[in-house]
Each structure stands twice: as structure tokens, then as C-alpha cells.
$ cat data.cif   # mmCIF, C-alpha atoms (C1' of nucleotides)
data_start
loop_
_atom_site.label_atom_id
_atom_site.label_comp_id
_atom_site.auth_asym_id
_atom_site.auth_seq_id
_atom_site.Cartn_x
_atom_site.Cartn_y
_atom_site.Cartn_z
CA MET Q 70 -3.27 -21.29 -12.55
CA GLN Q 71 -0.77 -23.86 -11.36
CA ILE Q 72 -0.10 -27.39 -12.63
CA ASN Q 73 2.24 -30.16 -11.60
CA VAL Q 74 3.75 -32.53 -14.13
CA PRO Q 75 5.64 -35.54 -12.79
CA THR Q 76 9.18 -36.26 -13.94
CA PRO Q 77 10.76 -39.72 -14.15
CA SER Q 78 13.16 -41.00 -11.51
CA ILE Q 79 16.17 -40.67 -13.81
CA PHE Q 80 16.00 -36.96 -14.40
CA ASN Q 81 18.35 -34.07 -13.69
CA PHE Q 82 16.99 -30.62 -14.36
CA GLU Q 83 20.35 -28.94 -13.65
CA HIS Q 84 21.87 -30.55 -16.74
CA ILE Q 85 18.86 -29.58 -18.82
CA LEU Q 86 18.92 -26.01 -17.54
CA LYS Q 87 22.53 -25.75 -18.48
CA HIS Q 88 21.69 -26.83 -21.99
CA LEU Q 89 18.79 -24.38 -22.22
CA ASN Q 90 21.08 -21.65 -20.95
CA ARG Q 91 23.75 -22.12 -23.61
CA SER Q 92 23.21 -18.84 -25.39
CA SER Q 93 22.41 -15.37 -24.12
CA GLN Q 94 20.88 -14.73 -27.54
CA GLU Q 95 18.11 -17.27 -27.09
CA LEU Q 96 14.72 -15.62 -27.58
CA LEU Q 97 12.49 -18.69 -27.50
CA HIS Q 98 12.81 -19.10 -23.74
CA TYR Q 99 14.30 -17.29 -20.79
CA ILE Q 100 15.71 -18.62 -17.55
CA GLU Q 101 15.56 -16.74 -14.29
CA GLU Q 102 16.38 -18.24 -10.93
CA ASP Q 103 16.12 -21.80 -12.25
CA GLU Q 104 12.70 -21.02 -13.65
CA VAL Q 105 12.07 -21.38 -17.37
CA TRP Q 106 9.74 -18.96 -19.15
CA LYS Q 107 8.37 -19.69 -22.59
CA TRP Q 108 5.63 -18.77 -24.98
CA VAL Q 109 4.10 -22.12 -25.87
CA GLU Q 110 2.31 -23.11 -29.05
CA TRP Q 111 1.22 -26.72 -29.06
CA LYS Q 112 -1.64 -28.66 -30.57
CA GLY Q 113 -3.66 -25.59 -31.35
CA GLU Q 114 -3.21 -24.08 -27.90
CA SER Q 115 -0.93 -21.23 -26.90
CA GLY Q 116 0.06 -19.19 -23.89
CA LEU Q 117 2.86 -18.06 -21.63
CA ILE Q 118 4.14 -20.54 -19.08
CA SER Q 119 6.89 -20.65 -16.50
CA PHE Q 120 8.07 -23.65 -14.57
CA SER Q 121 10.64 -24.90 -12.15
CA HIS Q 122 11.53 -28.40 -11.00
CA GLN Q 123 10.89 -29.70 -7.50
CA LEU Q 124 12.08 -33.16 -6.47
CA ASP Q 125 9.93 -35.29 -8.75
CA HIS Q 126 7.78 -32.88 -10.71
CA PHE Q 127 7.60 -29.67 -12.65
CA GLN Q 128 5.65 -26.89 -11.05
CA LEU Q 129 4.08 -24.87 -13.84
CA LYS Q 130 2.32 -21.53 -13.89
CA LEU Q 131 0.11 -20.24 -16.69
CA HIS Q 132 0.38 -16.51 -17.11
CA THR Q 133 -2.24 -16.13 -19.80
CA HIS Q 134 -5.87 -17.15 -19.92
CA SER Q 135 -5.40 -20.25 -22.01
CA GLU Q 136 -8.02 -22.75 -20.93
CA GLY Q 137 -7.07 -25.53 -23.30
CA LEU Q 138 -3.33 -25.18 -22.79
CA ALA Q 139 -3.27 -26.84 -19.39
CA ASP Q 140 -4.50 -30.11 -20.88
CA VAL Q 141 -1.70 -30.38 -23.41
CA LEU Q 142 1.17 -29.18 -21.21
CA PRO Q 143 2.13 -32.63 -19.87
CA ASP Q 144 2.51 -33.83 -23.45
CA TYR Q 145 4.38 -30.65 -24.37
CA LEU Q 146 6.92 -31.13 -21.60
CA SER Q 147 7.25 -34.83 -22.23
CA ASN Q 148 8.03 -34.05 -25.83
CA TRP Q 149 10.46 -31.29 -24.92
CA PHE Q 150 12.51 -33.29 -22.44
CA ASP Q 151 11.88 -36.83 -23.65
CA LEU Q 152 10.35 -37.82 -20.33
CA ASP Q 153 8.96 -41.16 -21.51
CA ARG Q 154 12.33 -42.62 -22.51
CA ASP Q 155 13.67 -45.40 -20.29
CA LEU Q 156 17.23 -44.22 -19.73
CA ASN Q 157 18.09 -47.34 -17.73
CA LYS Q 158 18.43 -49.21 -21.00
CA PHE Q 159 20.89 -46.64 -22.33
CA TYR Q 160 22.94 -46.64 -19.15
CA GLN Q 161 23.07 -50.43 -19.02
CA LEU Q 162 24.15 -50.57 -22.64
CA VAL Q 163 27.09 -48.17 -22.35
CA LYS Q 164 28.05 -48.93 -18.76
CA GLU Q 165 31.36 -50.47 -19.83
CA ASP Q 166 31.95 -48.13 -22.76
CA GLY Q 167 35.12 -46.12 -22.20
CA LEU Q 168 33.79 -43.16 -24.12
CA LEU Q 169 30.24 -42.90 -22.82
CA GLY Q 170 30.43 -44.69 -19.50
CA PRO Q 171 31.94 -41.72 -17.66
CA LEU Q 172 29.42 -39.36 -19.27
CA THR Q 173 26.46 -41.31 -17.97
CA SER Q 174 27.78 -40.51 -14.50
CA SER Q 175 28.71 -36.87 -14.96
CA LEU Q 176 25.55 -36.14 -16.96
CA HIS Q 177 23.28 -38.60 -15.17
CA GLY Q 178 19.64 -37.68 -15.73
CA LEU Q 179 20.27 -35.54 -18.80
CA ARG Q 180 17.64 -36.08 -21.46
CA VAL Q 181 17.72 -35.03 -25.09
CA VAL Q 182 16.28 -31.54 -25.16
CA GLY Q 183 13.94 -31.47 -28.12
CA VAL Q 184 12.69 -28.92 -30.60
CA HIS Q 185 8.93 -29.16 -31.01
CA GLY Q 186 8.47 -27.66 -34.45
CA LEU Q 187 9.86 -29.24 -37.60
CA PHE Q 188 10.34 -25.89 -39.30
CA GLU Q 189 12.21 -24.53 -36.32
CA ALA Q 190 14.42 -27.62 -36.17
CA LEU Q 191 15.15 -27.59 -39.90
CA SER Q 192 15.81 -23.85 -39.93
CA TRP Q 193 18.11 -24.07 -36.94
CA ALA Q 194 20.04 -26.93 -38.51
CA ILE Q 195 20.37 -25.16 -41.86
CA ILE Q 196 21.47 -21.94 -40.19
CA GLY Q 197 23.98 -23.90 -38.12
CA GLN Q 198 25.64 -25.60 -41.06
CA GLN Q 199 29.39 -24.96 -41.15
CA VAL Q 200 29.38 -21.94 -38.81
CA ASN Q 201 30.22 -21.64 -35.15
CA LEU Q 202 27.37 -21.88 -32.68
CA SER Q 203 27.43 -18.30 -31.46
CA PHE Q 204 27.14 -16.98 -34.99
CA ALA Q 205 24.33 -19.46 -35.63
CA TYR Q 206 22.54 -18.04 -32.61
CA THR Q 207 22.98 -14.53 -33.97
CA MET Q 208 21.31 -15.51 -37.24
CA LYS Q 209 18.55 -17.35 -35.42
CA ARG Q 210 17.86 -14.34 -33.22
CA ARG Q 211 17.65 -12.03 -36.22
CA LEU Q 212 15.38 -14.44 -38.08
CA ILE Q 213 13.03 -14.58 -35.09
CA GLU Q 214 13.09 -10.82 -34.54
CA HIS Q 215 12.23 -10.18 -38.18
CA TYR Q 216 9.71 -12.91 -38.89
CA GLY Q 217 8.51 -14.28 -35.55
CA LYS Q 218 5.50 -13.27 -33.52
CA SER Q 219 6.06 -11.58 -30.21
CA MET Q 220 4.09 -10.76 -27.10
CA VAL Q 221 5.09 -8.57 -24.22
CA TYR Q 222 4.58 -9.66 -20.64
CA GLY Q 223 6.17 -7.95 -17.66
CA ASP Q 224 9.53 -6.57 -18.68
CA LYS Q 225 10.19 -9.12 -21.39
CA THR Q 226 9.21 -9.87 -24.96
CA TYR Q 227 8.35 -13.49 -25.68
CA TRP Q 228 8.83 -14.82 -29.19
CA SER Q 229 7.57 -17.71 -31.24
CA PHE Q 230 9.59 -19.12 -34.10
CA PRO Q 231 8.53 -17.79 -37.53
CA GLU Q 232 5.96 -19.80 -39.43
CA PRO Q 233 6.77 -21.31 -42.83
CA LYS Q 234 4.04 -19.20 -44.39
CA ILE Q 235 5.92 -16.04 -43.43
CA VAL Q 236 9.46 -17.15 -44.27
CA MET Q 237 8.24 -18.58 -47.56
CA GLN Q 238 7.36 -15.06 -48.67
CA ALA Q 239 10.70 -13.56 -47.70
CA ARG Q 240 13.07 -12.52 -50.45
CA ILE Q 241 16.58 -13.91 -50.57
CA ASP Q 242 18.01 -10.42 -50.19
CA ASP Q 243 15.90 -9.86 -47.06
CA LEU Q 244 17.34 -12.96 -45.42
CA MET Q 245 20.84 -12.01 -46.54
CA GLU Q 246 20.44 -8.75 -44.63
CA LEU Q 247 20.46 -10.93 -41.51
CA SER Q 248 23.93 -12.34 -42.40
CA ILE Q 249 22.36 -15.52 -43.72
CA SER Q 250 24.20 -16.71 -46.81
CA ARG Q 251 22.49 -16.74 -50.19
CA ARG Q 252 22.45 -20.53 -50.27
CA LYS Q 253 21.03 -20.86 -46.79
CA ALA Q 254 18.40 -18.26 -47.65
CA GLU Q 255 17.43 -20.35 -50.66
CA TYR Q 256 17.29 -23.48 -48.52
CA LEU Q 257 15.11 -21.80 -45.87
CA ILE Q 258 12.63 -20.43 -48.39
CA GLU Q 259 12.39 -23.79 -50.15
CA VAL Q 260 11.85 -25.70 -46.91
CA ALA Q 261 9.26 -23.16 -45.77
CA SER Q 262 7.50 -23.46 -49.08
CA GLN Q 263 7.37 -27.27 -48.95
CA MET Q 264 6.04 -27.18 -45.42
CA GLU Q 265 3.40 -24.61 -46.28
CA LYS Q 266 2.28 -26.70 -49.25
CA GLY Q 267 1.95 -29.67 -46.93
CA ASP Q 268 4.50 -31.78 -48.80
CA LEU Q 269 6.69 -31.77 -45.72
CA SER Q 270 5.45 -32.17 -42.14
CA LYS Q 271 6.46 -33.78 -38.88
CA GLU Q 272 3.48 -36.11 -39.08
CA LYS Q 273 4.24 -37.28 -42.61
CA LEU Q 274 7.86 -37.96 -41.75
CA LEU Q 275 6.97 -39.88 -38.60
CA GLN Q 276 4.47 -41.96 -40.56
CA LEU Q 277 7.34 -43.28 -42.64
CA ALA Q 278 8.51 -44.88 -39.39
CA ALA Q 279 11.77 -46.38 -40.72
CA PRO Q 280 14.68 -44.06 -39.89
CA GLU Q 281 16.33 -44.81 -43.23
CA ALA Q 282 13.18 -43.81 -45.09
CA ILE Q 283 12.89 -40.58 -43.12
CA GLU Q 284 16.52 -39.68 -43.75
CA LYS Q 285 16.17 -40.44 -47.43
CA LYS Q 286 13.06 -38.30 -47.72
CA LEU Q 287 14.71 -35.39 -45.93
CA CYS Q 288 17.89 -35.60 -47.99
CA LYS Q 289 15.91 -35.20 -51.19
CA ILE Q 290 15.30 -31.61 -50.20
CA ARG Q 291 17.92 -29.15 -51.39
CA GLY Q 292 19.98 -27.92 -48.47
CA ILE Q 293 19.33 -30.97 -46.34
CA GLY Q 294 22.19 -33.45 -46.27
CA PRO Q 295 22.95 -36.36 -43.95
CA TRP Q 296 24.00 -34.13 -41.06
CA THR Q 297 20.91 -31.91 -41.17
CA ALA Q 298 18.59 -34.89 -41.61
CA ASN Q 299 20.05 -36.73 -38.64
CA TYR Q 300 20.21 -33.59 -36.53
CA VAL Q 301 16.50 -33.00 -37.07
CA MET Q 302 15.71 -36.66 -36.48
CA LEU Q 303 17.59 -36.38 -33.19
CA ARG Q 304 16.18 -33.08 -31.92
CA CYS Q 305 12.69 -33.01 -33.40
CA LEU Q 306 11.55 -36.43 -34.57
CA ARG Q 307 13.17 -38.07 -31.55
CA ILE Q 308 14.53 -41.05 -33.41
CA PRO Q 309 16.96 -42.66 -30.96
CA SER Q 310 19.22 -44.10 -33.64
CA ALA Q 311 19.77 -40.74 -35.34
CA TYR Q 312 23.50 -40.14 -35.63
CA PRO Q 313 24.92 -36.98 -37.20
CA VAL Q 314 28.42 -38.29 -37.89
CA GLY Q 315 29.35 -35.21 -39.90
CA ASP Q 316 28.99 -33.07 -36.81
CA ALA Q 317 32.09 -31.09 -35.88
CA GLY Q 318 31.10 -30.97 -32.22
CA LEU Q 319 30.61 -34.71 -32.06
CA GLN Q 320 33.95 -35.28 -33.78
CA ASN Q 321 35.76 -32.92 -31.43
CA ALA Q 322 34.14 -34.49 -28.39
CA VAL Q 323 35.33 -37.95 -29.44
CA LYS Q 324 38.76 -36.61 -30.31
CA GLN Q 325 39.03 -34.94 -26.91
CA ARG Q 326 37.77 -37.91 -24.89
CA LEU Q 327 39.95 -40.45 -26.67
CA GLN Q 328 42.88 -38.03 -26.66
CA MET Q 329 43.34 -38.38 -30.39
CA ASP Q 330 45.64 -36.07 -32.33
CA ARG Q 331 43.07 -35.74 -35.11
CA LYS Q 332 39.33 -35.91 -35.54
CA PRO Q 333 37.85 -39.40 -35.92
CA SER Q 334 36.82 -40.59 -39.38
CA TYR Q 335 33.23 -41.54 -40.21
CA GLU Q 336 34.38 -45.15 -40.20
CA GLU Q 337 35.74 -44.79 -36.67
CA LEU Q 338 32.58 -43.03 -35.53
CA TYR Q 339 30.40 -45.82 -36.90
CA SER Q 340 32.67 -48.36 -35.30
CA LEU Q 341 32.41 -46.68 -31.90
CA ALA Q 342 28.65 -46.52 -32.27
CA GLU Q 343 28.48 -50.30 -32.39
CA ASN Q 344 28.43 -50.04 -28.61
CA TRP Q 345 25.47 -47.66 -28.64
CA LYS Q 346 23.15 -49.42 -31.07
CA GLY Q 347 19.73 -47.85 -30.93
CA TRP Q 348 20.95 -45.03 -28.69
CA GLU Q 349 23.17 -43.07 -31.07
CA ALA Q 350 21.09 -39.93 -30.53
CA TYR Q 351 21.61 -40.06 -26.78
CA ALA Q 352 25.27 -40.86 -27.19
CA THR Q 353 25.67 -37.83 -29.44
CA PHE Q 354 23.74 -35.57 -27.10
CA TYR Q 355 25.79 -36.67 -24.11
CA LEU Q 356 29.02 -36.16 -26.03
CA TRP Q 357 27.91 -32.68 -27.07
CA ASN Q 358 26.99 -31.70 -23.56
CA GLY Q 359 30.10 -33.25 -22.07
CA LEU Q 360 32.33 -31.27 -24.37
CA ASN Q 361 34.96 -29.25 -22.53
CA LYS Q 362 33.99 -30.89 -19.27
CA GLU Q 363 36.33 -32.65 -16.87
"C1'" DA M 48 46.39 -13.10 -40.34
"C1'" DT M 49 44.86 -17.90 -40.28
"C1'" DC M 50 42.02 -21.63 -39.14
"C1'" DC M 51 37.81 -23.61 -38.25
"C1'" DA M 52 32.96 -23.76 -37.15
"C1'" DG M 53 27.01 -28.65 -34.61
"C1'" DG M 54 27.73 -28.94 -44.01
"C1'" DA M 55 25.91 -29.13 -48.56
"C1'" DA M 56 25.83 -28.49 -53.47
"C1'" DG M 57 27.82 -28.79 -57.77
"C1'" DG M 58 31.52 -30.07 -60.78
"C1'" DC M 59 34.87 -33.41 -62.25
"C1'" DG M 60 37.11 -37.82 -63.33
"C1'" DC Y 200 31.88 -43.52 -55.86
"C1'" DG Y 201 35.49 -40.17 -53.95
"C1'" DC Y 202 37.60 -35.76 -54.18
"C1'" DC Y 203 37.70 -30.71 -54.96
"C1'" DT Y 204 35.94 -26.01 -54.77
"C1'" DT Y 205 32.64 -22.67 -53.38
"C1'" DC Y 206 29.67 -20.57 -50.26
"C1'" DA Y 207 29.72 -16.47 -46.18
"C1'" DT Y 208 30.58 -14.96 -41.63
"C1'" DG Y 209 32.52 -14.51 -37.16
"C1'" DG Y 210 35.02 -16.45 -33.02
"C1'" DA Y 211 39.33 -17.75 -31.22
#
$ encode --input "data.cif" --output "C-alpha cells"
Amino acid sequence: MQINVPTPSIFNFEHILKHLNRSSQELLHYIEEDEVWKWVEWKGESGLISFSHQLDHFQLKLHTHSEGLADVLPDYLSNWFDLDRDLNKFYQLVKEDGLLGPLTSSLHGLRVVGVHGLFEALSWAIIGQQVNLSFAYTMKRRLIEHYGKSMVYGDKTYWSFPEPKIVMQARIDDLMELSISRRKAEYLIEVASQMEKGDLSKEKLLQLAAPEAIEKKLCKIRGIGPWTANYVMLRCLRIPSAYPVGDAGLQNAVKQRLQMDRKPSYEELYSLAENWKGWEAYATFYLWNGLNKE
DNA sequence: ATCCAGGAAGGCG
DNA sequence: CGCCTTCATGGA
């Protein structure tokens, strides 16, 4: 079964592919010949899809008999790649900005690549706290291999991120076997538990609407500080003003672009962001992806 | 070896 | 509030 899903005029799949291809340890999707393969779970439907981009649309293939999946795939992709966002507004806003202006040219058409599941986003952020990205990917891979569901198709195994119900039952020592620190193991189990109980969900957070309220609610949870809250708001809740100022990558990107001899302070980062009001998430994502470029 | 990595908690004054 | 230490591991 084949489906086409239109993409907006400002859209560059090359940039997105590059982002998706960051780690060879990624188990949640694979890329072969500019085609993305992924086991999808969305709105009660699931199945294996692959897709490539042609001119102005995605060309998708369903590799499993998943009748209902086809109907929710446009929404799934829109959510993944933020297709409904009007990037013209962002580009107009930062056109004259010395920091971001150049990036809107070199990364033109890049959209914030999202994370669908709140538990996945929170887990990934917690795992990624204060460690380098490649090590974070190692821990994520092990977590998925131990607690995720898998299905084999062709010569590959496709994985889905572990469910809170499963991680909630893990013991701290089990998670520590995966090189996850004791504290992070405690955080993960607690977050999983709150999600399983229903106290914490993507829907409930989005209902709060106000970014400040969402951040406050998230930060009440042990293990979630301002960086993690804003990271999840950026990647999963898709709040455009989310701004993880504590992020080492963001700080290094600004340092590099402004040729500073030290990392910028929070104050300086907030000051710079005056030029990106309402688009801090995009600014951050562009800075991340422009790191080490040019 | 040393520093730092897409931080946060807990203690202290 | 701001500052300090601890947590844990691996990449460069």
C-alpha cells in the first residue's frame, strides 16, 4: 500500500535526514538510500512504514497489514516534522540577526524533528543529562534493547520505545547494568510510574496551555529541571518558545558563532533570544544543527 | 591523565 | 537566592 503526504513549500528533507542520521546506534528508525524505515505506533494504530521525499510530498509504503494506520499517517508525519508551522514568520523575524540569519540560509527548510511519545522524550532527556551524546545514545540503545518491543522484517529488527508500564517495574540495579547512573535510574522509574498512573501525560501537559505552567509542572518531578523541561517542550510538546538555556550544545554553538572565548551566560542567552521571541525552540534547533558547520 | 559532556539534586550560608 | 559538591561514564 502506498500513500502520498504533501510537504510544505519551505521544507528540506536533506537537513532532516542528516538529523535523523546522527547516530549509528539509533534503533527507532533506519535510513537506507534516503529512505526512512520506522515501526510506527500512533493513535492506537501501529505498523512498519518506509518513506522517501519527492519534490513536494512524502511517498510512503506500508509493509504491514495495518488498515487504520494509513488514516493517521499524515498526522503522524506532520507531528514528527512540524509540517504545519509557518517558517516564513521565523525567517522574517531573524533575517537581520547576526547569529541566526546565516543559519536560516544554510539550514533553509529544516524543521524541528519531534519525538512523538512523552515518555520517550523525557527518558531521552534524562539519559542525556550531563553526558556526551554518543554515550547517551549507547544508554538509549541498551534501554530499548532490554525493555522495548521488537519485530523482525527483512534483515532488520524494528524497535519501539519501552512503555512506562515496563520501565516502572524495572529495578534500579537492572537499569544500572545498562550504565545508567543510580540517580537517572531513579528518575526514569519515577517518571514511568507517574505516567502509568496517569498523573503525567502529553495531553494533560498540553491542556495547561501556558508554557510557564507546563514547565512548572514538569519541574516538580524529581529529575526534571529547567533544561529537561524545556527540552521536552521543544521536542515533544512542540512549544515554540521553549528554550533550554542550560544546554551545553546551545552554549557552544553560540560561543562558536560569536567567536567568544568562553561560553555565554544565561543572561547573555536570554538577551540574544530577544531577537527570536516566540521562536526560541527553532533558534535552538537551528543552532544545534548548525554546530561545527561552516 | 584531564576536561567536559544536549544537568539536577541536595546541602549550606 | 547563589554557590558548592556529588553523581557516573565515556569521548576527545
$ interface_residues --input "data.cif" --of "chain M" --to "chain Q" --cutoff "9 Å" --atoms "all atoms listed in the file" --output "list in words"
DC51, DA52, DG53, DG54, DA55 and DA56 of chain M
$ resolve_selection --input "data.cif" --expression "the PyMOL selection byres ((chain Y and resi 203-208) around 6)" --output "mmCIF file with C-alpha atoms (C1' of nucleotides), in the coordinates of the input"
data_model
loop_
_atom_site.group_PDB
_atom_site.id
_atom_site.type_symbol
_atom_site.label_atom_id
_atom_site.label_comp_id
_atom_site.auth_asym_id
_atom_site.auth_seq_id
_atom_site.Cartn_x
_atom_site.Cartn_y
_atom_site.Cartn_z
ATOM 1 C CA SER Q 250 24.200 -16.710 -46.810
ATOM 2 C "C1'" DC Y 202 37.600 -35.760 -54.180
ATOM 3 C "C1'" DG Y 209 32.520 -14.510 -37.160
#
$ residues_around --input "data.cif" --residues "Q:Ala254" --least-positions-apart "6" --cutoff "10 Å" --atoms "only C-alpha atoms (C1' of nucleotides)" --output "list in words"
Ser192, Ile195, Ile196, Val236, Ala239, Arg240, Ile241, Asp242, Asp243, Leu244, Met245, Leu247, Ser248, Val260 and Gly292 of chain Q
$ residues_near_point --input "data.cif" --point "(2.3, -26.8, -28.5)" --cutoff "10 Å" --atoms "all atoms listed in the file" --output "list in words"
Trp108, Val109, Glu110, Trp111, Lys112, Gly113, Glu114, Ser115, Gly116, Leu138, Val141, Leu142, Asp144, Tyr145, Leu146, Asn148, Trp149, His185 and Gly186 of chain Q
$ closest_residue --input "data.cif" --among "Q:Leu124, Q:Met208, Q:Ala139, Q:Leu338" --to "chain Y" --atoms "only C-alpha atoms (C1' of nucleotides)"
Q:Met208
$ atom_distance --input "data.cif" --atom1 "atom CA of Q:Met70" --atom2 "atom CA of Q:Trp106"
14.8 Å
$ decode --input "data.cif" --residues "chain Y" --atoms "N, CA and C atoms (P, O5', C5', C4', C3', O3' and C1' of nucleotides)" --output "mmCIF file, in the first residue's frame"
data_model
loop_
_atom_site.group_PDB
_atom_site.id
_atom_site.type_symbol
_atom_site.label_atom_id
_atom_site.label_comp_id
_atom_site.auth_asym_id
_atom_site.auth_seq_id
_atom_site.Cartn_x
_atom_site.Cartn_y
_atom_site.Cartn_z
ATOM 1 P P DC Y 200 15.103 31.652 43.152
ATOM 2 O "O5'" DC Y 200 15.812 32.617 44.199
ATOM 3 C "C5'" DC Y 200 15.988 33.990 43.981
ATOM 4 C "C4'" DC Y 200 17.346 34.345 44.565
ATOM 5 C "C3'" DC Y 200 18.504 33.667 43.853
ATOM 6 O "O3'" DC Y 200 19.114 34.577 42.951
ATOM 7 C "C1'" DC Y 200 18.685 33.432 46.253
ATOM 8 P P DG Y 201 20.046 33.950 41.758
ATOM 9 O "O5'" DG Y 201 21.405 33.631 42.499
ATOM 10 C "C5'" DG Y 201 22.124 34.670 43.166
ATOM 11 C "C4'" DG Y 201 23.305 34.069 43.887
ATOM 12 C "C3'" DG Y 201 24.240 33.271 42.961
ATOM 13 O "O3'" DG Y 201 25.585 33.605 43.253
ATOM 14 C "C1'" DG Y 201 23.517 31.898 44.751
ATOM 15 P P DC Y 202 26.775 33.086 42.303
ATOM 16 O "O5'" DC Y 202 27.362 31.863 43.147
ATOM 17 C "C5'" DC Y 202 27.911 32.109 44.446
ATOM 18 C "C4'" DC Y 202 28.214 30.788 45.114
ATOM 19 C "C3'" DC Y 202 29.039 29.835 44.244
ATOM 20 O "O3'" DC Y 202 30.216 29.469 44.941
ATOM 21 C "C1'" DC Y 202 27.205 28.717 45.254
ATOM 22 P P DC Y 203 31.337 28.565 44.268
ATOM 23 O "O5'" DC Y 203 31.060 27.179 44.991
ATOM 24 C "C5'" DC Y 203 31.179 27.088 46.420
ATOM 25 C "C4'" DC Y 203 30.889 25.663 46.830
ATOM 26 C "C3'" DC Y 203 31.621 24.652 45.951
ATOM 27 O "O3'" DC Y 203 32.442 23.799 46.733
ATOM 28 C "C1'" DC Y 203 29.286 24.132 46.109
ATOM 29 P P DT Y 204 33.360 22.713 45.977
ATOM 30 O "O5'" DT Y 204 32.479 21.399 46.198
ATOM 31 C "C5'" DT Y 204 32.025 21.070 47.500
ATOM 32 C "C4'" DT Y 204 31.159 19.823 47.450
ATOM 33 C "C3'" DT Y 204 31.778 18.659 46.675
ATOM 34 O "O3'" DT Y 204 31.663 17.479 47.459
ATOM 35 C "C1'" DT Y 204 29.625 19.134 45.815
ATOM 36 P P DT Y 205 32.388 16.130 46.985
ATOM 37 O "O5'" DT Y 205 31.180 15.302 46.359
ATOM 38 C "C5'" DT Y 205 30.028 15.039 47.145
ATOM 39 C "C4'" DT Y 205 28.952 14.397 46.283
ATOM 40 C "C3'" DT Y 205 29.465 13.254 45.393
ATOM 41 O "O3'" DT Y 205 28.738 12.085 45.717
ATOM 42 C "C1'" DT Y 205 28.127 14.771 44.154
ATOM 43 P P DC Y 206 29.188 10.641 45.194
ATOM 44 O "O5'" DC Y 206 28.237 10.411 43.931
ATOM 45 C "C5'" DC Y 206 26.814 10.492 44.096
ATOM 46 C "C4'" DC Y 206 26.152 10.616 42.750
ATOM 47 C "C3'" DC Y 206 26.602 9.583 41.702
ATOM 48 O "O3'" DC Y 206 25.451 9.012 41.125
ATOM 49 C "C1'" DC Y 206 26.587 11.734 40.786
ATOM 50 P P DA Y 207 25.242 7.457 41.102
ATOM 51 O "O5'" DA Y 207 25.793 7.069 39.668
ATOM 52 C "C5'" DA Y 207 27.112 6.637 39.526
ATOM 53 C "C4'" DA Y 207 27.432 6.615 38.071
ATOM 54 C "C3'" DA Y 207 28.756 5.931 37.741
ATOM 55 O "O3'" DA Y 207 28.457 4.967 36.748
ATOM 56 C "C1'" DA Y 207 28.695 8.119 36.786
ATOM 57 P P DT Y 208 29.495 3.848 36.363
ATOM 58 O "O5'" DT Y 208 29.836 4.254 34.873
ATOM 59 C "C5'" DT Y 208 28.794 4.513 33.951
ATOM 60 C "C4'" DT Y 208 29.331 5.328 32.801
ATOM 61 C "C3'" DT Y 208 30.680 4.832 32.266
ATOM 62 O "O3'" DT Y 208 30.409 4.171 31.042
ATOM 63 C "C1'" DT Y 208 30.526 7.223 32.363
ATOM 64 P P DG Y 209 31.554 3.394 30.252
ATOM 65 O "O5'" DG Y 209 31.864 4.439 29.092
ATOM 66 C "C5'" DG Y 209 30.788 4.990 28.361
ATOM 67 C "C4'" DG Y 209 31.291 6.157 27.535
ATOM 68 C "C3'" DG Y 209 32.571 5.877 26.752
ATOM 69 O "O3'" DG Y 209 32.485 6.588 25.545
ATOM 70 C "C1'" DG Y 209 32.904 7.722 28.120
ATOM 71 P P DG Y 210 32.977 5.919 24.177
ATOM 72 O "O5'" DG Y 210 33.212 7.256 23.347
ATOM 73 C "C5'" DG Y 210 32.321 8.327 23.546
ATOM 74 C "C4'" DG Y 210 32.920 9.641 23.157
ATOM 75 C "C3'" DG Y 210 34.104 9.604 22.183
ATOM 76 O "O3'" DG Y 210 33.946 10.682 21.280
ATOM 77 C "C1'" DG Y 210 34.770 10.627 24.218
ATOM 78 P P DA Y 211 34.966 10.835 20.045
ATOM 79 O "O5'" DA Y 211 35.955 11.990 20.528
ATOM 80 C "C5'" DA Y 211 35.419 13.244 20.941
ATOM 81 C "C4'" DA Y 211 36.552 14.139 21.422
ATOM 82 C "C3'" DA Y 211 37.826 14.032 20.566
ATOM 83 O "O3'" DA Y 211 38.339 15.331 20.337
ATOM 84 C "C1'" DA Y 211 38.331 13.620 22.833
#
